[in-house]
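Visitor: Just so it is clear, I am handing over final12.cif, which has mmCIF, C-alpha atoms and all ligand atoms.
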data_entry
#
loop_
_atom_site.label_atom_id
_atom_site.label_comp_id
_atom_site.auth_asym_id
_atom_site.auth_seq_id
_atom_site.Cartn_x
_atom_site.Cartn_y
_atom_site.Cartn_z
CA MET A 1 8.91 104.22 -80.91
CA ARG A 2 10.92 103.43 -77.80
CA TYR A 3 10.28 100.46 -75.47
CA ALA A 4 11.57 99.61 -72.02
CA LEU A 5 12.06 96.06 -70.79
CA LEU A 6 12.15 95.38 -67.08
CA VAL A 7 14.63 92.61 -66.28
CA SER A 8 13.31 89.88 -64.01
CA PRO A 9 14.55 90.13 -60.39
CA ALA A 10 15.39 86.39 -60.54
CA VAL A 11 17.79 87.06 -63.42
CA ASN A 12 19.37 89.94 -61.54
CA ARG A 13 20.00 87.60 -58.61
CA VAL A 14 21.62 84.94 -60.82
CA TYR A 15 24.00 87.08 -62.82
CA ALA A 16 24.43 90.07 -60.49
CA GLN A 17 26.45 92.63 -62.46
CA ALA A 18 26.17 90.75 -65.74
CA ALA A 19 22.34 90.65 -65.91
CA GLY A 20 21.97 93.84 -67.96
CA ALA A 21 24.69 92.86 -70.43
CA LEU A 22 23.25 89.36 -70.92
CA ALA A 23 19.71 90.68 -71.42
CA ARG A 24 21.06 93.08 -74.01
CA ALA A 25 23.00 90.33 -75.79
CA GLU A 26 19.91 88.10 -75.90
CA LEU A 27 17.74 90.94 -77.23
CA GLY A 28 20.43 91.80 -79.79
CA ALA A 29 20.79 88.21 -80.99
CA ILE A 30 17.01 87.75 -81.33
CA SER A 31 16.59 91.06 -83.13
CA GLU A 32 19.37 90.17 -85.55
CA ARG A 33 18.29 86.59 -86.29
CA VAL A 34 14.50 86.69 -86.31
CA LEU A 35 13.40 90.34 -86.50
CA ASN A 36 15.62 91.56 -89.35
CA GLY A 37 17.55 93.77 -86.95
CA ALA A 38 14.37 95.78 -86.24
CA LEU A 39 15.28 96.58 -82.62
CA THR A 40 18.01 99.18 -82.42
CA ASP A 41 19.76 101.52 -79.98
CA LEU A 42 19.73 98.97 -77.15
CA ARG A 43 20.83 100.55 -73.89
CA GLU A 44 20.25 100.65 -70.17
CA GLN A 45 18.01 103.50 -69.10
CA VAL A 46 17.04 104.58 -65.58
CA LEU A 47 13.38 105.57 -65.13
CA GLY A 48 12.10 106.43 -61.67
CA SER A 49 15.36 105.06 -60.21
CA VAL A 50 14.80 101.61 -61.78
CA THR A 51 17.08 100.38 -64.58
CA TYR A 52 15.37 99.19 -67.76
CA LEU A 53 16.77 97.84 -71.00
CA SER A 54 15.42 100.22 -73.59
CA PHE A 55 15.40 100.00 -77.37
CA GLU A 56 13.92 101.52 -80.49
CA ALA A 57 11.40 99.70 -82.74
CA PRO A 58 10.44 101.12 -86.12
CA GLU A 59 6.62 100.99 -86.19
CA PRO A 60 4.17 102.58 -83.76
CA GLU A 61 2.99 99.08 -82.80
CA LEU A 62 5.37 96.19 -82.18
CA SER A 63 5.02 93.54 -84.91
CA ALA A 64 3.43 90.26 -83.74
CA PRO A 65 6.73 88.31 -83.95
CA ALA A 66 8.60 91.06 -82.10
CA ARG A 67 6.04 91.09 -79.28
CA ALA A 68 6.12 87.28 -79.08
CA TRP A 69 9.92 87.03 -78.93
CA LEU A 70 10.21 89.93 -76.48
CA SER A 71 7.64 88.24 -74.22
CA ASN A 72 9.75 85.11 -74.08
CA LEU A 73 13.26 86.43 -73.54
CA SER A 74 14.82 84.78 -70.51
CA ALA A 75 15.20 88.17 -68.84
CA THR A 76 11.73 89.58 -69.48
CA PHE A 77 9.69 90.51 -66.42
CA ALA A 78 7.57 93.26 -68.00
CA LEU A 79 7.59 95.32 -71.17
CA PHE A 80 6.45 98.91 -71.64
CA ARG A 81 6.06 101.41 -74.42
CA LEU A 82 7.97 104.50 -73.45
CA ASP A 83 6.01 107.63 -74.34
CA ALA A 84 7.66 110.93 -75.18
CA ASP A 85 7.09 112.24 -71.64
CA GLU A 86 8.76 109.09 -70.24
CA ARG A 87 5.46 107.55 -69.22
CA LEU A 88 5.34 103.75 -69.34
CA SER A 89 2.40 101.94 -70.98
CA PRO A 90 2.39 98.17 -70.42
CA VAL A 91 2.58 95.85 -73.41
CA ASP A 92 0.59 92.60 -73.10
CA LEU A 93 3.02 89.70 -72.93
CA GLU A 94 2.41 86.54 -74.90
CA ARG A 95 4.27 83.74 -73.15
CA TRP A 96 4.92 80.50 -74.99
CA ASP A 97 4.90 78.55 -71.73
CA GLU A 98 2.49 75.63 -71.95
CA LEU A 99 3.19 74.26 -68.46
CA ASP A 100 3.48 75.46 -64.86
CA SER A 101 6.84 77.02 -64.11
CA ASP A 102 7.48 74.74 -61.11
CA LEU A 103 8.55 72.15 -63.69
CA LEU A 104 11.79 74.11 -63.79
CA THR A 105 12.15 75.16 -60.18
CA ILE A 106 11.21 72.14 -58.04
CA GLN A 107 14.40 70.15 -58.59
CA LYS A 108 17.39 71.47 -56.70
CA TYR A 109 20.80 69.80 -56.90
CA ALA A 110 24.50 70.52 -57.20
CA GLY A 111 25.48 71.01 -60.83
CA LYS A 112 22.05 72.22 -61.99
CA THR A 113 22.27 74.70 -64.84
CA ASN A 114 20.43 77.86 -63.93
CA GLU A 115 16.92 77.88 -65.45
CA ALA A 116 17.07 81.41 -66.81
CA PHE A 117 20.40 80.73 -68.47
CA THR A 118 19.04 77.50 -69.98
CA LYS A 119 16.10 79.44 -71.41
CA LEU A 120 18.50 81.99 -72.86
CA LEU A 121 20.58 79.26 -74.50
CA LEU A 122 17.48 77.59 -75.96
CA ASN A 123 16.16 80.95 -77.24
CA VAL A 124 19.34 82.00 -79.02
CA THR A 125 19.78 78.51 -80.51
CA LEU A 126 16.17 78.44 -81.74
CA ALA A 127 16.61 81.92 -83.22
CA ALA A 128 19.69 80.80 -85.15
CA SER A 129 17.92 77.80 -86.69
CA ALA A 130 15.81 77.79 -89.84
CA PHE A 131 12.82 76.78 -87.71
CA ALA A 132 12.44 79.92 -85.62
CA HIS A 133 9.25 80.97 -87.37
CA GLU A 134 7.68 77.53 -87.53
CA HIS A 135 4.72 76.95 -85.30
CA ARG A 136 5.28 73.28 -84.60
CA ALA A 137 6.62 71.13 -81.79
CA LEU A 138 10.35 71.00 -82.50
CA SER A 139 12.59 68.14 -81.35
CA VAL A 140 15.30 69.19 -78.91
CA LEU A 141 18.23 67.02 -77.82
CA ASP A 142 20.41 67.68 -74.80
CA PRO A 143 23.19 65.08 -75.12
CA LEU A 144 24.63 65.91 -71.64
CA CYS A 145 21.33 66.55 -69.93
CA GLY A 146 21.95 65.97 -66.22
CA ARG A 147 18.59 66.12 -64.45
CA GLY A 148 16.83 67.72 -67.35
CA THR A 149 16.84 71.52 -67.11
CA THR A 150 17.04 71.83 -70.92
CA LEU A 151 14.43 69.11 -71.35
CA ASN A 152 12.07 70.93 -69.01
CA GLN A 153 12.55 74.26 -70.77
CA ALA A 154 11.89 72.58 -74.12
CA LEU A 155 8.70 71.02 -72.70
CA MET A 156 7.60 74.45 -71.45
CA TYR A 157 7.58 75.59 -75.08
CA GLY A 158 5.63 72.49 -76.15
CA PHE A 159 8.71 70.94 -77.82
CA HIS A 160 9.61 67.25 -77.70
CA ALA A 161 12.60 66.71 -75.43
CA THR A 162 15.30 64.05 -75.58
CA GLY A 163 18.14 63.74 -73.10
CA VAL A 164 21.20 61.55 -72.71
CA GLU A 165 23.06 61.37 -69.39
CA HIS A 166 25.63 58.84 -68.24
CA ASP A 167 25.23 59.37 -64.52
CA GLN A 168 22.91 56.71 -63.11
CA LYS A 169 21.83 58.79 -60.11
CA ASP A 170 20.85 61.68 -62.36
CA TYR A 171 18.95 59.27 -64.58
CA GLU A 172 17.02 57.79 -61.70
CA ALA A 173 16.30 61.19 -60.14
CA TYR A 174 14.94 62.83 -63.30
CA SER A 175 13.00 59.73 -64.38
CA LEU A 176 11.22 59.73 -61.04
CA PHE A 177 10.74 63.49 -61.00
CA ILE A 178 9.17 63.89 -64.42
CA GLN A 179 6.79 60.96 -63.92
CA ARG A 180 5.69 62.29 -60.55
CA TRP A 181 5.30 65.80 -61.94
CA VAL A 182 2.90 64.79 -64.74
CA LYS A 183 0.93 62.74 -62.20
CA ASP A 184 0.75 65.64 -59.74
CA LYS A 185 -0.43 67.95 -62.51
CA ARG A 186 -3.03 65.34 -63.51
CA LEU A 187 -1.82 65.32 -67.09
CA LYS A 188 -2.94 62.27 -69.09
CA HIS A 189 0.22 60.39 -69.96
CA THR A 190 1.93 57.12 -70.75
CA ALA A 191 5.31 56.18 -69.31
CA VAL A 192 7.38 53.22 -70.47
CA ALA A 193 10.66 52.33 -68.79
CA GLY A 194 12.73 49.99 -70.92
CA HIS A 195 16.04 49.70 -72.71
CA VAL A 196 17.52 50.76 -76.02
CA LYS A 197 20.69 49.00 -77.22
CA GLY A 198 21.21 47.90 -73.64
CA HIS A 199 20.85 51.40 -72.14
CA PRO A 200 18.06 52.23 -69.69
CA LYS A 201 15.45 54.45 -71.31
CA LEU A 202 12.28 56.25 -70.29
CA ASP A 203 9.61 57.18 -72.84
CA LEU A 204 7.00 59.54 -71.52
CA ALA A 205 4.20 61.13 -73.53
CA PHE A 206 1.62 63.51 -72.10
CA GLY A 207 -1.26 65.58 -73.41
CA LEU A 208 -1.91 69.15 -72.33
CA ASP A 209 -5.54 68.15 -71.90
CA LYS A 210 -7.61 64.97 -72.16
CA GLU A 211 -8.87 65.72 -75.68
CA ARG A 212 -5.41 66.30 -77.06
CA PHE A 213 -4.11 63.17 -75.39
CA LYS A 214 -6.98 61.12 -76.86
CA ALA A 215 -6.29 62.55 -80.30
CA GLY A 216 -2.63 61.51 -80.01
CA ASP A 217 -1.48 65.13 -79.75
CA THR A 218 1.18 64.51 -77.12
CA THR A 219 4.46 66.05 -75.99
CA ARG A 220 7.22 63.46 -75.69
CA VAL A 221 10.15 63.04 -73.34
CA THR A 222 12.85 60.49 -74.15
CA TYR A 223 15.56 60.04 -71.56
CA VAL A 224 18.47 57.62 -72.01
CA ASN A 225 21.09 56.60 -69.45
CA ALA A 226 24.21 56.27 -71.59
CA ASP A 227 27.44 57.88 -72.59
CA THR A 228 26.75 60.70 -75.03
CA HIS A 229 28.61 58.83 -77.79
CA ALA A 230 25.68 56.37 -77.78
CA VAL A 231 23.59 59.06 -79.53
CA ALA A 232 24.87 57.54 -82.80
CA GLU A 233 23.49 54.07 -82.09
CA VAL A 234 20.33 55.09 -80.27
CA PHE A 235 18.90 57.76 -82.59
CA GLN A 236 18.50 57.93 -86.37
CA PRO A 237 20.60 60.54 -88.19
CA ARG A 238 18.87 63.92 -88.59
CA SER A 239 16.39 63.26 -85.76
CA PHE A 240 16.65 66.64 -84.02
CA ASP A 241 15.88 70.25 -84.89
CA LEU A 242 17.97 71.71 -82.06
CA ILE A 243 20.77 70.52 -79.82
CA VAL A 244 21.15 72.53 -76.64
CA THR A 245 23.62 71.60 -73.96
CA ASP A 246 25.61 72.87 -71.00
CA ALA A 247 28.96 71.07 -71.27
CA PRO A 248 30.86 69.85 -68.19
CA TYR A 249 32.81 72.73 -66.68
CA GLY A 250 36.02 70.83 -66.00
CA VAL A 251 35.64 71.49 -62.28
CA GLN A 252 34.04 69.56 -59.46
CA HIS A 253 30.52 70.63 -58.43
CA GLY A 254 30.21 70.76 -54.63
CA ALA A 255 31.03 67.47 -52.98
CA GLN A 256 30.08 65.37 -56.04
CA SER A 257 32.62 62.92 -57.34
CA GLY A 258 32.89 60.38 -60.13
CA GLU A 259 32.92 62.82 -63.03
CA ALA A 260 36.62 62.26 -63.73
CA LEU A 261 36.09 60.98 -67.26
CA SER A 262 33.79 63.75 -68.34
CA ARG A 263 35.25 66.76 -66.61
CA ARG A 264 37.46 67.80 -69.48
CA PRO A 265 35.42 69.27 -72.33
CA LEU A 266 38.46 69.29 -74.59
CA GLU A 267 38.55 65.51 -74.38
CA LEU A 268 34.82 65.03 -74.78
CA LEU A 269 33.86 67.48 -77.51
CA PRO A 270 36.17 66.42 -80.39
CA THR A 271 34.69 62.91 -80.42
CA ALA A 272 31.14 63.84 -79.40
CA LEU A 273 30.57 66.72 -81.83
CA PRO A 274 30.61 64.64 -85.05
CA ILE A 275 28.04 62.32 -83.46
CA TRP A 276 25.80 65.19 -82.35
CA ARG A 277 26.19 66.82 -85.76
CA ALA A 278 24.90 63.68 -87.49
CA ALA A 279 21.83 63.74 -85.25
CA LEU A 280 20.96 67.31 -86.31
CA ARG A 281 18.62 68.08 -89.22
CA PRO A 282 19.74 70.46 -91.96
CA GLY A 283 18.44 73.88 -90.91
CA GLY A 284 18.95 72.97 -87.26
CA ALA A 285 21.24 74.67 -84.78
CA ILE A 286 23.40 73.69 -81.84
CA GLY A 287 23.95 75.85 -78.75
CA ILE A 288 26.66 74.91 -76.26
CA SER A 289 27.56 76.67 -73.05
CA TRP A 290 30.92 75.91 -71.50
CA ASN A 291 33.64 77.13 -69.16
CA ASN A 292 36.07 79.18 -71.22
CA LEU A 293 38.77 78.89 -68.55
CA VAL A 294 39.28 75.29 -69.72
CA LEU A 295 38.57 75.67 -73.44
CA ARG A 296 39.07 78.78 -75.57
CA ARG A 297 36.26 80.09 -77.75
CA GLU A 298 38.47 79.86 -80.86
CA GLN A 299 39.16 76.16 -80.21
CA LEU A 300 35.47 75.38 -79.87
CA ALA A 301 34.57 77.50 -82.92
CA GLN A 302 37.14 75.58 -84.94
CA LEU A 303 35.77 72.23 -83.80
CA LEU A 304 32.28 73.31 -84.86
CA ALA A 305 33.52 74.54 -88.23
CA GLU A 306 35.37 71.25 -88.80
CA ASN A 307 32.01 69.53 -88.38
CA SER A 308 30.42 71.69 -91.08
CA LEU A 309 28.61 73.92 -88.64
CA GLU A 310 28.47 77.66 -89.28
CA VAL A 311 29.22 79.58 -86.09
CA CYS A 312 27.07 82.65 -85.33
CA ASP A 313 29.84 85.15 -84.89
CA SER A 314 28.11 88.54 -84.71
CA ALA A 315 28.77 90.99 -81.88
CA ALA A 316 25.53 89.95 -80.15
CA TYR A 317 26.40 86.24 -80.24
CA ARG A 318 29.84 87.02 -78.84
CA ALA A 319 28.55 89.01 -75.87
CA PHE A 320 27.38 86.24 -73.53
CA GLU A 321 30.55 85.58 -71.56
CA HIS A 322 30.03 86.04 -67.80
CA ARG A 323 31.54 85.00 -64.50
CA VAL A 324 29.85 82.19 -62.56
CA ASP A 325 32.51 81.80 -59.86
CA SER A 326 36.28 81.90 -59.49
CA SER A 327 36.74 78.67 -61.48
CA ILE A 328 33.98 79.14 -64.08
CA GLN A 329 33.82 81.83 -66.73
CA ARG A 330 30.78 80.77 -68.75
CA ASP A 331 30.24 81.52 -72.39
CA LEU A 332 27.97 80.16 -75.10
CA ILE A 333 28.40 79.45 -78.76
CA VAL A 334 25.73 78.78 -81.37
CA ALA A 335 26.25 77.22 -84.78
CA ARG A 336 23.98 76.32 -87.66
CA ALA A 337 23.73 73.15 -89.71
CA LEU A 338 23.24 74.54 -93.18
CA THR A 339 23.77 71.27 -95.00
CA SER A 340 23.69 67.54 -94.33
CA PRO A 341 26.81 66.44 -92.43
C1 LIG A 401 27.06 70.94 -66.73
S1 LIG A 401 26.24 69.45 -66.46
C2 LIG A 401 24.66 69.70 -67.20
C3 LIG A 401 23.61 69.89 -66.16
C4 LIG A 401 22.21 69.94 -66.73
N1 LIG A 401 22.04 71.02 -67.69
C5 LIG A 401 21.24 70.12 -65.60
O1 LIG A 401 20.78 71.26 -65.35
O2 LIG A 401 20.94 69.12 -64.90
C6 LIG A 401 27.01 68.34 -67.58
C7 LIG A 401 26.44 66.93 -67.52
O3 LIG A 401 27.09 66.14 -68.50
C8 LIG A 401 27.16 64.83 -68.01
N2 LIG A 401 28.18 64.15 -68.80
C9 LIG A 401 29.50 64.43 -68.84
N3 LIG A 401 30.14 63.64 -69.71
C10 LIG A 401 29.20 62.83 -70.26
C11 LIG A 401 29.24 61.80 -71.22
N4 LIG A 401 30.41 61.44 -71.79
N5 LIG A 401 28.09 61.21 -71.56
C12 LIG A 401 26.93 61.55 -70.98
N6 LIG A 401 26.82 62.51 -70.04
C13 LIG A 401 27.94 63.15 -69.68
C14 LIG A 401 27.53 65.01 -66.56
O4 LIG A 401 27.24 63.86 -65.79
C15 LIG A 401 26.66 66.21 -66.20
O5 LIG A 401 25.41 65.79 -65.71
#
Show me, as structure tokens, the structure contained in the file I just sent.

Guide:
Amino acid sequence: MRYALLVSPAVNRVYAQAAGALARAELGAISERVLNGALTDLREQVLGSVTYLSFEAPEPELSAPARAWLSNLSATFALFRLDADERLSPVDLERWDELDSDLLTIQKYAGKTNEAFTKLLLNVTLAASAFAHEHRALSVLDPLCGRGTTLNQALMYGFHATGVEHDQKDYEAYSLFIQRWVKDKRLKHTAVAGHVKGHPKLDLAFGLDKERFKAGDTTRVTYVNADTHAVAEVFQPRSFDLIVTDAPYGVQHGAQSGEALSRRPLELLPTALPIWRAALRPGGAIGISWNNLVLRREQLAQLLAENSLEVCDSAAYRAFEHRVDSSIQRDLIVARALTSP
């Protein structure tokens, strides 16, 4: 049976020419890691002068996991079964989103990682982990979290989100934003601003409804204003199921300044990776996006391997490279923690 996926117009706007290739890579990676390679013959197909990403699935009906994952790809706008006479029958989507999407779109600032790309990175990292089929609230760490795009995407999925960011302005902006957002949405919550090992810290916990909040069934945000190397002193080893992060690009964003220390990923990652690795649970996975004009894929893969992380090296996981602008060629790499560090 053939299916056709309509790529979201928002994604087309972000990646321009690369949107189709990225959607295909995401679909390929998900199929390979969580659907036993069930989706095959992925290709672009024009139907009624609109381009779809089409693919073959073995059974007449999509399996429940296939429908769920397809519904939540970062590129998915709509999904159709493609009948023999090229007629499209809509497939009901089953979004994992637990919260309103404005959580991701309200904040606008220089240096924000695109929301769709962040969702893609979280998806392919989750798929690579041993927890992809577990129906529980995973713990996600972004150790270079800026104003929280990864944290917000994790919260959308009902995951617990932890972020570390050394920029004080970012810390203040996201702390304010997330507290105001839960208030505006009238979500029952507790917020405690304090310190951990001398670093400012926000602990926020909210319930999706009053009953869940009362029963202690809350989603947690932990946000720490510190250098990423403080992860070792602030969090217990093996605290996180997934680490997802968009590393500094080694270029200046807009008119911002003061990033001199952190702008060179090659200086940051060799010392930060062992610390992040220790914070990851066995079975967990780490997904990093970075600018491959300042750091080669092979160098990063080697660093990950040196930290006993197994890099996902299939064709699908190597097909995410795309141009952001003249100084940023973005790529992503995902690696799995098969053992204790
Ligand atoms: C590419 S940005 C990530 C943006 C984030 N995903 C967002 O959408 O807001 C990289 C972030 O890493 C932070 N950073 C760089 N070096 C750091 C370090 N040593 N410790 C903590 N944060 C750091 C920068 O301040 C920046 O906010």

Visitor: Need the shell around Ala4 (chain A): protein/DNA/RNA residues with any atom at most 8 Å away, counting only C-alpha atoms. Skip same-chain ones fewer than 3 positions apart. Format as a PyMOL selection string?

Guide: chain A and resi 52-55+79-82+88

Visitor: Would you compute an axis-aligned box for region 288-292 of chain A, covering every atom listed for it in the file with 5 Å of margin on each side, and report centre and edge lengths in Å to one decimal as JSON?

Guide:
{"center_x": 31.4, "center_y": 77.0, "center_z": -72.7, "size_x": 19.4, "size_y": 14.3, "size_z": 17.1}

Visitor: Can you pull out every residue within 12 Å of Gln45 (chain A), counting all atoms listed in the file, but drop anything in the same chain fewer than 2 positions away, and send it as a VMD selection string?

Guide: chain A and resid 2 to 7 20 24 41 to 43 47 to 55 82 86

Visitor: Could you name the residues that touch region 200-212 of chain A at 6 Å or less, counting all atoms listed in the file, but leaving out those on the same chain fewer than 2 positions away, as number ranges by chain?

Guide: A: 188-195, 214-215, 217-225

Visitor: Which residue out of A:Ser327, A:Ser308, A:Ser31, A:Thr118 has the minimum interatomic distance to Pro282 (chain A) when all atoms listed in the file are used?

Guide: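 Once distances to Pro282 (chain A) are computed over all atoms listed in the file, the minimum belongs to A:Ser308.
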
Visitor: Could you tell me how far atom C6 of ligand LIG 401 (chain A) sits from CA of Gln107 (chain A), in Å to one decimal place?

Guide: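 Interatomic distance, CA of Gln107 (chain A) to atom C6 of ligand LIG 401 (chain A): 15.6 Å.
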
Visitor: Which is closest to ligand LIG 401 (chain A) among A:Pro60, A:Gly216, A:Gly287, A:Gly111, if we use only C-alpha atoms and all ligand atoms?

Guide: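 Going through A:Pro60, A:Gly216, A:Gly287, A:Gly111 one by one, the smallest distance to ligand LIG 401 (chain A) is for A:Gly111.
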
Visitor: With all atoms listed in the file as the atoms that count, which of A:Asn114, A:Thr271, A:Ser71, A:Asn36 lies nearest to Thr228 (chain A)?

Guide: A:Thr271

Visitor: Kindly provide, as a PyMOL selection string, the polymer residues lying within 9 Å of (22.3, 89.4, -68.3), counting all atoms listed in the file and using the coordinates exactly as they appear in the file.

Guide: chain A and resi 7+11-12+14-26+75+117+320+322

Visitor: Find the residue from A:Val182, A:Ala279, A:Ala128, A:Cys145 that sits nearest to ligand LIG 401 (chain A); use only C-alpha atoms and all ligand atoms when measuring.

Guide: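 Nearest to ligand LIG 401 (chain A): A:Cys145.
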
Visitor: One number please: CA of Ile288 (chain A) to CA of Leu122 (chain A), in Å, one decimal.

Guide: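 Between CA of Ile288 (chain A) and CA of Leu122 (chain A) the gap is 9.6 Å.
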
Visitor: Could you tell me which of A:Leu176, A:Val294, A:Leu332, A:Ala230 comes closest to ligand LIG 401 (chain A) if we count all atoms listed in the file?

Guide: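 Checking each candidate against ligand LIG 401 (chain A), we get A:Ala230 as the closest.
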
Visitor: Any idea what the distance is between CA of Ala10 (chain A) and CA of Leu126 (chain A)?

Guide: 22.7 Å

Visitor: Measuring atom to atom with only C-alpha atoms and all ligand atoms, identify which of A:Ser129, A:Asn292, A:Asn72, A:Asn152 is nearest to ligand LIG 401 (chain A).

Guide: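 Residue with the minimum atom-to-atom distance to ligand LIG 401 (chain A): A:Asn152.
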
Visitor: Find the residues with any atom within 10 Å of (33.8, 75.7, -81.7); use only C-alpha atoms and the coordinates as given in the file, and write the answer as a ChimeraX atom specification.

Guide: /A:269-270,273,288,295-307,309-311,332-335

Visitor: List as a ChimeraX atom specification the protein and nucleic acid residues near Gly37 (chain A), meaning an atom at most 10 Å away when only C-alpha atoms are counted, but skip any in the same chain fewer than 6 places from it.

Guide: /A:28-31,57

Visitor: So which residues touch region 233-235 of chain A within 7 Å, counting all atoms listed in the file, skipping near sequence neighbours fewer than 4 positions away, as a list in words?

Guide: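 The residues that qualify are Val196, Lys197 and Ser239 of chain A.
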
Visitor: Generate the missing atoms of region 234-247 of chain A up to N, CA, C and O atoms and report them as an mmCIF file, keeping the file's coordinate frame.

Guide:
data_model
loop_
_atom_site.group_PDB
_atom_site.id
_atom_site.type_symbol
_atom_site.label_atom_id
_atom_site.label_comp_id
_atom_site.auth_asym_id
_atom_site.auth_seq_id
_atom_site.Cartn_x
_atom_site.Cartn_y
_atom_site.Cartn_z
ATOM 1 N N VAL A 234 21.675 55.083 -80.848
ATOM 2 C CA VAL A 234 20.330 55.090 -80.270
ATOM 3 C C VAL A 234 19.336 55.867 -81.145
ATOM 4 O O VAL A 234 18.162 55.530 -81.205
ATOM 5 N N PHE A 235 19.821 56.919 -81.810
ATOM 6 C CA PHE A 235 18.900 57.760 -82.590
ATOM 7 C C PHE A 235 19.287 57.759 -84.077
ATOM 8 O O PHE A 235 20.470 57.692 -84.420
ATOM 9 N N GLN A 236 18.280 57.842 -84.919
ATOM 10 C CA GLN A 236 18.500 57.930 -86.370
ATOM 11 C C GLN A 236 19.231 59.236 -86.690
ATOM 12 O O GLN A 236 19.028 60.239 -85.994
ATOM 13 N N PRO A 237 20.025 59.248 -87.764
ATOM 14 C CA PRO A 237 20.600 60.540 -88.190
ATOM 15 C C PRO A 237 19.493 61.549 -88.475
ATOM 16 O O PRO A 237 18.386 61.169 -88.857
ATOM 17 N N ARG A 238 19.797 62.808 -88.302
ATOM 18 C CA ARG A 238 18.870 63.920 -88.590
ATOM 19 C C ARG A 238 17.552 63.810 -87.822
ATOM 20 O O ARG A 238 16.487 64.083 -88.355
ATOM 21 N N SER A 239 17.619 63.405 -86.561
ATOM 22 C CA SER A 239 16.390 63.260 -85.760
ATOM 23 C C SER A 239 15.990 64.540 -85.055
ATOM 24 O O SER A 239 14.856 64.657 -84.599
ATOM 25 N N PHE A 240 16.932 65.496 -84.916
ATOM 26 C CA PHE A 240 16.650 66.640 -84.020
ATOM 27 C C PHE A 240 16.761 67.981 -84.732
ATOM 28 O O PHE A 240 17.627 68.180 -85.580
ATOM 29 N N ASP A 241 15.867 68.900 -84.327
ATOM 30 C CA ASP A 241 15.880 70.250 -84.890
ATOM 31 C C ASP A 241 16.919 71.121 -84.168
ATOM 32 O O ASP A 241 17.536 71.990 -84.777
ATOM 33 N N LEU A 242 17.047 70.890 -82.865
ATOM 34 C CA LEU A 242 17.970 71.710 -82.060
ATOM 35 C C LEU A 242 18.737 70.815 -81.107
ATOM 36 O O LEU A 242 18.175 69.854 -80.573
ATOM 37 N N ILE A 243 20.000 71.149 -80.893
ATOM 38 C CA ILE A 243 20.770 70.520 -79.820
ATOM 39 C C ILE A 243 21.188 71.648 -78.878
ATOM 40 O O ILE A 243 21.739 72.671 -79.323
ATOM 41 N N VAL A 244 20.874 71.479 -77.622
ATOM 42 C CA VAL A 244 21.150 72.530 -76.640
ATOM 43 C C VAL A 244 21.781 71.863 -75.428
ATOM 44 O O VAL A 244 21.178 70.944 -74.851
ATOM 45 N N THR A 245 22.973 72.299 -75.062
ATOM 46 C CA THR A 245 23.620 71.600 -73.960
ATOM 47 C C THR A 245 24.586 72.478 -73.175
ATOM 48 O O THR A 245 25.198 73.397 -73.721
ATOM 49 N N ASP A 246 24.678 72.190 -71.895
ATOM 50 C CA ASP A 246 25.610 72.870 -71.000
ATOM 51 C C ASP A 246 26.721 71.850 -70.717
ATOM 52 O O ASP A 246 26.502 70.872 -69.999
ATOM 53 N N ALA A 247 27.880 72.066 -71.336
ATOM 54 C CA ALA A 247 28.960 71.070 -71.270
ATOM 55 C C ALA A 247 29.579 71.047 -69.861
ATOM 56 O O ALA A 247 29.527 72.043 -69.140
#
